[in-house]
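One structure is given here, and the rest of the page talks about it.
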Amino acid sequence: MKTSKTVTAHPYAGRGILMALLATVAYAVVDALSKYQARNYPVGMIVWVRYAVPLLVLLGIYLPRRGRSLFRTAYPGVQLARGILLTAGTVFIVFAYRLMPLAEAQAISFIHPVLLTVLAVIFLGEKVGAVGWCAVLVGFSGVLIIVRPGGGMLTAAAILPLGLALSFSSYQMLTRLIAPKESSVNLLFCAMLVGTVSMTLALPLQWKPPTLEGFLFFVAIGLSSGVGHFSTIKALELAPASLLAPFAYIQLVWVTVLGSLFFGDFPKPITILGMAVVVAGGLLVAASRRSSEPR
């Protein structure tokens with residue numbers, strides 16, 4: 001009966017899950033290409049492409065339909081803060097790709113659902129039950145397993161994906177604050193606009209003329225980023241966020257595969273264990289949210 005009720009309430013949930021899975025593949029490709037480009041090009045150029053191309057995609061698809069309403073928001077200050085936080089997080093993670101393996105950096109950053117739980121309690125006054133606090137402890141334990149204090153992985157580089165996790169969880173908290181009164185398209189458009197403008201201002205200081213190969217890789221980064229963001233929008237239009245949340249962790253599988261194939265960075269067994277624990281913490285967060293939703 002519960003399954004039938006869910007299907008009736010969200011008849012396109014299956015399509016939403018497929019779009020969410022497509023987004024995980026696209027984001028993993030973006031991360032792998034960003035790591036590759038970070039060896040030869042400034043971080044600012046890479047981050048700019050990751051925002052400018054999706055912005056153009058959104059304008060091309062939604063501006064003819066929505067017109068000026070695409071630019072309207074009732075919360076300009078919050079939207080600006082969201083964009084700055086998301087952009088800062090992207091800068092953190094691209095720098096991290098320069099200094100550490102792809103899978104490890106992604107795994108540490110995936111503690112963001114756990115951090116969001118803590119921030120939501122502190123700043124939004126949300127109530128968290130026993131399962132939610134267990135998720136906080138489990139996720140934090142997973143990060144400790146990965147970075148292994150005293151074991152060689154706790155370096156300055158490990159702070160960078162944690163910076164992404166904190167920035168992204170803060171971004172999500174602000175998104176949750178205004179999401180009931182803003183459309184998903186406007187939320188994403190504002191974030192992409194702030195990211196593009198801020199990185200465009202920094203671009204003259206970060207510019208390096210790309211080779212033909214570099215240019216093609218930048219195009220691939222931008223297109224993959226656009227596919228990822230567009231797929232995320234469509235997924236959220238078709239299915240509830242609480243249903244889609246667990247599928248985001250499949251991205252860790254893709255980045256592990258791509259990291260081992262193209263960079264020879266296959267995680268050690270202890271790191272894989274830590275990744276599994278981080279994922280378990282995130283799944284507990286998703287489970288606690290779903291159990292608290294009205295039926």
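Please note that chains go A, B, ... in the order of the structure tokens, that every chain numbers its residues from 1, and that ligands are numbered from 1 in the order shown.
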
With the cut-off set at 7 Å and counting only C-alpha atoms, tabulate each residue of stretch 115-139 of chain A with an atom at most that distance from an atom of stretch 268-291 of chain A, showing the nearest atom pair and its distance in Å to one decimal, ordered by chain and increasing number, as a tab-separated table.
```
residue	atom	partner	partner_atom	distance
A:Val131	CA	A:Ser288	CA	5.9
A:Gly132	CA	A:Val285	CA	5.6
A:Ala135	CA	A:Gly281	CA	4.4
A:Val136	CA	A:Gly281	CA	6.5
A:Val138	CA	A:Gly281	CA	5.0
A:Gly139	CA	A:Gly281	CA	4.3
```

If you count only C-alpha atoms, which residues fall within 7 Å of stretch 39-53 of chain A, apart from same-chain ones fewer than 4 positions away, as a PyMOL selection string? chain A and resi 34-35+57+90-91+94-95+98+192+195-196+199-200+203+206-208+218+221-223+225-226

Could you take the residues named above and write them with C-alpha atoms, as a PDB file, in the first residue's frame?
```pdb
ATOM      1  CA  SER A  34      38.671  19.401 -13.942  1.00  0.00           C
ATOM      2  CA  LYS A  35      41.427  17.377 -12.287  1.00  0.00           C
ATOM      3  CA  VAL A  57      22.252  26.514 -21.317  1.00  0.00           C
ATOM      4  CA  THR A  90      33.870  24.731  -6.409  1.00  0.00           C
ATOM      5  CA  VAL A  91      37.160  26.619  -6.038  1.00  0.00           C
ATOM      6  CA  VAL A  94      39.216  22.029  -7.914  1.00  0.00           C
ATOM      7  CA  PHE A  95      42.239  23.065  -5.849  1.00  0.00           C
ATOM      8  CA  ARG A  98      45.477  19.319  -7.843  1.00  0.00           C
ATOM      9  CA  MET A 192      25.005  30.060 -11.922  1.00  0.00           C
ATOM     10  CA  GLY A 195      29.249  32.146 -10.067  1.00  0.00           C
ATOM     11  CA  THR A 196      29.735  33.314 -13.645  1.00  0.00           C
ATOM     12  CA  MET A 199      34.643  34.256 -11.770  1.00  0.00           C
ATOM     13  CA  THR A 200      34.495  36.551 -14.820  1.00  0.00           C
ATOM     14  CA  LEU A 203      39.333  35.700 -14.995  1.00  0.00           C
ATOM     15  CA  GLN A 206      43.712  33.680 -14.016  1.00  0.00           C
ATOM     16  CA  TRP A 207      43.803  33.637 -17.795  1.00  0.00           C
ATOM     17  CA  LYS A 208      46.136  31.353 -19.712  1.00  0.00           C
ATOM     18  CA  PHE A 218      37.170  23.174 -21.430  1.00  0.00           C
ATOM     19  CA  ILE A 221      33.796  20.469 -18.904  1.00  0.00           C
ATOM     20  CA  GLY A 222      31.223  23.153 -19.647  1.00  0.00           C
ATOM     21  CA  LEU A 223      28.876  20.847 -21.550  1.00  0.00           C
ATOM     22  CA  SER A 225      28.442  20.641 -16.197  1.00  0.00           C
ATOM     23  CA  GLY A 226      25.421  21.901 -18.131  1.00  0.00           C
TER      24      GLY A 226
END
```

Pick out the closest residue to A:Val121 from this set: A:Leu86, A:Leu33, A:Met173, A:Leu160. Count only C-alpha atoms. A:Met173

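Using only C-alpha atoms, the nearest neighbour of A:Arg176 within the list A:Val78, A:Val147, A:Leu205, A:Ala245 is A:Val78.
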
Separation of atom CA of A:Phe110 from atom CA of A:Ala165, in Å and rounded to one decimal: 6.6 Å

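Of note, atom CA of A:Val29 and atom CA of A:Leu85 are spaced 22.2 Å apart.
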